[in-house]
Amino acid sequence: MEFQLLGPFAACHEGRQVLVGSRRQERCLLSVLLLHAGRAVTTERLIDLLWNGDAPASARGTVHTYVGRLRAALKPYGVPVETRHDGYAVEQGPHTIDAQEFTFLVRQAADAGDPAERVRLYDQALGLWQGPLLADVADDRLRTRLGGPLDELRLTAVERRAEAQLTMGLHDRVVADLTPLAEEHPGRERLVAAQMTALYRGGRQGDALALYRSTRKALVTEFGIEPGAELQTLHDRMLHGDHRLDRPPGPVYAVRVDDQWLPWSTSGHPALEFCNTYAGWGGDQLPGSEWLRGYATLAVWTGHMDLVEERLVTRLREQALRHPDEAAATLAEARQFRTNLYACLTDPEDARAFKAVAGAVEDAARHSVFTRGEDGLGRWQPSPSAGLRLPVCAVARSAGELLADPRRFTVRSCPSEDCGWLFLDASGRRRWCSLATCGRKRTSSTGTDTGADQP
């Protein structure tokens with residue numbers, strides 16, 4: 001059974017609405033219990049909420065009657081309303097509650113590393129809102145009492161989504177999403193900053209500065225405070241035309257392909273490049289160094305390296321949007337394979353790593369077809385039958401070819417503690433990979449040069 005609280009109240013079973021004939025206060029009581037699912041709400045608390053502190057003498061009996069009716073109505077759908085001490089609780093179960101799902105998705109989005117994945121999860125979470133909380137069963141006073149934390153989380157999600165969109169260069173979408181909210185919530189300086197940045201990048205510097213002025217006026221008038229330091233700094237940078245505001249910052253060692261950031265090519269072999277999708281194997285992780293943040297990046301990268309045909313990349317990305325759980329599982333598999341392959345290539349004696357890579361290579365062989373290319377030559381290609389796992393199979397096949405090639409013994413790991421990327425060194429004389437920053441000079445606290453030679 002599905003319960004909708006983020007908008008007009010609705011209770012649905014197999015696509016059909018139930019509880020349609022119940023009283024408004026009964027639905028309101030059930031909504032309160034659903035918002036606290038798994039926890040007891042005391043009878044006194046329910047009375048206070050339902051009658052806004054002006055309860056009749058019969059209120060306790062009325063609540064008891066409401067609970068009895070709800071139990072009878074929900075029993076056929078397996079949703080129990082339990083008595084707990086001097087209160088009631090809706091137990092957690094197979095039923096879904098959109099408010100709970102919203103909170104879960106927002107937390108998932110906050111933990112996602114890839115901006116595109118964050119935007120997808122925030123879109124999914126915010127899409128659950130169909131209007132004000134309990135739009136048809138609660139008045140504004142009750143809505144404020146019940147929905148404060150949810151409303152705060154909703155605005156936070158809007159802010160974080162906007163920041164992720166700005167990272168992806170989607171300033172036009174930010175303007176569309178935030179225009180109704182920025183002036184309505186001047187105290188949300190993070191939201192105002194995102195809208196100002198989006199307007200500025202869209203060539204609307206005047207509108208961005210006007211938004212700052214109206215925000216400052218509202219803050220001074222309503223709260224007696226000036227804008228915070230970050231918003232003031234953003235305003236000053238816009239006044240002086242700071243060119244760094246014109247575009248989102250790119251991650252380190254990056255190249256833009258399609259709509260994804262991919263790492264520079266450094267090694268000369270796809271299997272090594274796959275390992276190099278993580279910068280900093282030899283030391284601390286650098287900002288922006290984890291490239292496999294989302295399935296879209298994995299798919300675009302395999303197309304960029306000619307491991308998968310471009311037409312299949314588009315299809316894979318579409319499938320990933322329809323099956324996000326399967327795409328997430330494939331991404332996790334790719335990361336684990338990358339770890340095993342890196343260990344196998346840097347330590348030829350690591351039997352465990354070789355066995356793990358060999359298993360993936362064998363699986364890739366089962367999902368391969370022999371085709372004739374445009375140049376008239378035959379070649380092995382990963383089969384579309386692998387589904388969303390196609391990129392992993394393509395990388396594994398490339399890794400198998402390298403492990404069967406004598407060049408495998410010329411693989412070297414960049415010794416810079418800021419790098420660790422892999423490259424082929426047939427000459428045996430290269431000291432660093434081809435990253436321009438490898439071996440850069442660093443100065444110790446005593447002023448002594450502790451860096452290695454420049455490449």
# chains A, B, ... in the order shown; residues from 1 in each chain; ligands from 1
call {"tool": "select_by_dssp", "arguments": {"residues": "stretch 229-343 of chain A", "states": "helix (DSSP H, G or I)", "output": "PyMOL selection string"}}
result
chain A and resi 229-239+243-245+270-275+295-304+310-322+324-343
call {"tool": "residues_around", "arguments": {"residues": "A:Val395", "least_positions_apart": "5", "cutoff": "9 Å", "atoms": "only C-alpha atoms", "output": "number ranges by chain"}}
result
A: 270-271, 274, 302, 307, 334, 361, 364, 390, 400
call {"tool": "select_by_dssp", "arguments": {"residues": "stretch 258-378 of chain A", "states": "strand (DSSP E or B)", "output": "PyMOL selection string"}}
result
chain A and resi 260-263+278+290+368-372+378
call {"tool": "closest_residue", "arguments": {"among": "A:Met196, A:Ile47, A:Ala358, A:Leu35", "to": "A:Leu150", "atoms": "only C-alpha atoms"}}
result
A:Leu35
call {"tool": "residues_around", "arguments": {"residues": "A:Phe409", "least_positions_apart": "6", "cutoff": "10 Å", "atoms": "only C-alpha atoms", "output": "MDAnalysis selection string"}}
result
chainID A and resid 345:346 348 402:403 424:426
call {"tool": "write_last_selection", "arguments": {"atoms": "N, CA and C atoms", "output": "PDB file, in the first residue's frame"}}
result
ATOM      1  N   LEU A 345      48.254  -5.664 -11.820  1.00  0.00           N
ATOM      2  CA  LEU A 345      49.259  -5.068 -12.694  1.00  0.00           C
ATOM      3  C   LEU A 345      50.463  -4.533 -11.932  1.00  0.00           C
ATOM      4  N   THR A 346      50.270  -4.128 -10.698  1.00  0.00           N
ATOM      5  CA  THR A 346      51.387  -3.581  -9.916  1.00  0.00           C
ATOM      6  C   THR A 346      52.137  -4.648  -9.133  1.00  0.00           C
ATOM      7  N   PRO A 348      52.822  -8.637  -9.910  1.00  0.00           N
ATOM      8  CA  PRO A 348      52.623  -9.863 -10.690  1.00  0.00           C
ATOM      9  C   PRO A 348      52.496 -11.113  -9.828  1.00  0.00           C
ATOM     10  N   LEU A 402      45.905  -7.436 -22.455  1.00  0.00           N
ATOM     11  CA  LEU A 402      47.156  -6.902 -21.929  1.00  0.00           C
ATOM     12  C   LEU A 402      47.900  -7.944 -21.097  1.00  0.00           C
ATOM     13  N   LEU A 403      47.171  -8.685 -20.283  1.00  0.00           N
ATOM     14  CA  LEU A 403      47.814  -9.690 -19.434  1.00  0.00           C
ATOM     15  C   LEU A 403      48.406 -10.833 -20.247  1.00  0.00           C
ATOM     16  N   LEU A 424      52.938   2.288 -19.726  1.00  0.00           N
ATOM     17  CA  LEU A 424      53.844   1.328 -20.350  1.00  0.00           C
ATOM     18  C   LEU A 424      55.213   1.987 -20.542  1.00  0.00           C
ATOM     19  N   ASP A 425      56.261   1.270 -20.162  1.00  0.00           N
ATOM     20  CA  ASP A 425      57.609   1.815 -20.292  1.00  0.00           C
ATOM     21  C   ASP A 425      58.510   0.779 -20.960  1.00  0.00           C
ATOM     22  N   ALA A 426      58.406   0.684 -22.292  1.00  0.00           N
ATOM     23  CA  ALA A 426      59.218  -0.293 -23.027  1.00  0.00           C
ATOM     24  C   ALA A 426      60.703   0.023 -22.942  1.00  0.00           C
TER      25      ALA A 426
END
call {"tool": "residues_around", "arguments": {"residues": "A:Phe9", "least_positions_apart": "5", "cutoff": "8 Å", "atoms": "only C-alpha atoms", "output": "PDB file with C-alpha atoms, in the first residue's frame"}}
result
ATOM      1  CA  PHE A   3       0.556   6.599   1.307  1.00  0.00           C
ATOM      2  CA  GLN A   4       0.941  10.095  -0.124  1.00  0.00           C
ATOM      3  CA  ARG A  27      -7.180  11.030   7.606  1.00  0.00           C
ATOM      4  CA  SER A  31      -1.208  11.182   8.535  1.00  0.00           C
ATOM      5  CA  LEU A 134      -1.250  17.314   3.716  1.00  0.00           C
ATOM      6  CA  ALA A 135      -2.793  19.947   1.495  1.00  0.00           C
ATOM      7  CA  ASP A 136      -6.398  18.800   2.008  1.00  0.00           C
ATOM      8  CA  VAL A 137      -6.401  17.621   5.628  1.00  0.00           C
TER       9      VAL A 137
END
call {"tool": "residues_around", "arguments": {"residues": "A:Arg45", "least_positions_apart": "4", "cutoff": "12 Å", "atoms": "only C-alpha atoms", "output": "ChimeraX atom specification"}}
result
/A:29,32-33,40-41,49-53,55,59-60,63,86-88,145-146
call {"tool": "residues_around", "arguments": {"residues": "stretch 117-119 of chain A", "least_positions_apart": "6", "cutoff": "8 Å", "atoms": "only C-alpha atoms", "output": "ChimeraX atom specification"}}
result
/A:109-110,161,164-165,293-294
call {"tool": "closest_atom_pairs", "arguments": {"of": "stretch 139-188 of chain A", "to": "stretch 211-217 of chain A", "cutoff": "9 Å", "atoms": "only C-alpha atoms", "output": "Markdown table"}}
result
| residue | atom | partner | partner_atom | distance |
| --- | --- | --- | --- | --- |
| A:Ala182 | CA | A:Leu211 | CA | 8.1 |
| A:Glu183 | CA | A:Thr215 | CA | 6.8 |
| A:His185 | CA | A:Thr215 | CA | 8.7 |
| A:Pro186 | CA | A:Thr215 | CA | 5.2 |
| A:Gly187 | CA | A:Thr215 | CA | 8.0 |
call {"tool": "write_last_selection", "arguments": {"atoms": "N, CA and C atoms", "output": "PDB file, in the first residue's frame"}}
result
ATOM      1  N   ALA A 182      13.980  32.137  -4.799  1.00  0.00           N
ATOM      2  CA  ALA A 182      15.083  32.964  -4.307  1.00  0.00           C
ATOM      3  C   ALA A 182      14.587  34.192  -3.552  1.00  0.00           C
ATOM      4  N   GLU A 183      13.613  34.915  -4.096  1.00  0.00           N
ATOM      5  CA  GLU A 183      13.123  36.113  -3.418  1.00  0.00           C
ATOM      6  C   GLU A 183      12.166  35.749  -2.288  1.00  0.00           C
ATOM      7  N   HIS A 185      12.661  33.308  -0.196  1.00  0.00           N
ATOM      8  CA  HIS A 185      13.440  32.854   0.955  1.00  0.00           C
ATOM      9  C   HIS A 185      14.787  33.588   0.997  1.00  0.00           C
ATOM     10  N   PRO A 186      14.784  34.884   1.293  1.00  0.00           N
ATOM     11  CA  PRO A 186      16.049  35.634   1.309  1.00  0.00           C
ATOM     12  C   PRO A 186      17.015  35.126   2.374  1.00  0.00           C
ATOM     13  N   GLY A 187      16.485  34.499   3.422  1.00  0.00           N
ATOM     14  CA  GLY A 187      17.359  33.975   4.466  1.00  0.00           C
ATOM     15  C   GLY A 187      18.130  32.742   4.036  1.00  0.00           C
TER      16      GLY A 187
END
call {"tool": "residues_around", "arguments": {"residues": "stretch 128-131 of chain A", "least_positions_apart": "5", "cutoff": "10 Å", "atoms": "only C-alpha atoms", "output": "MDAnalysis selection string"}}
result
chainID A and resid 4:9 98:99 101:102 123 136 154
call {"tool": "atom_distance", "arguments": {"atom1": "atom CA of A:Thr103", "atom2": "atom CA of A:Leu133"}}
result
13.8 Å
call {"tool": "closest_residue", "arguments": {"among": "A:Trp421, A:Ser385, A:Ala157, A:Val81", "to": "A:Trp264", "atoms": "only C-alpha atoms"}}
result
A:Trp421
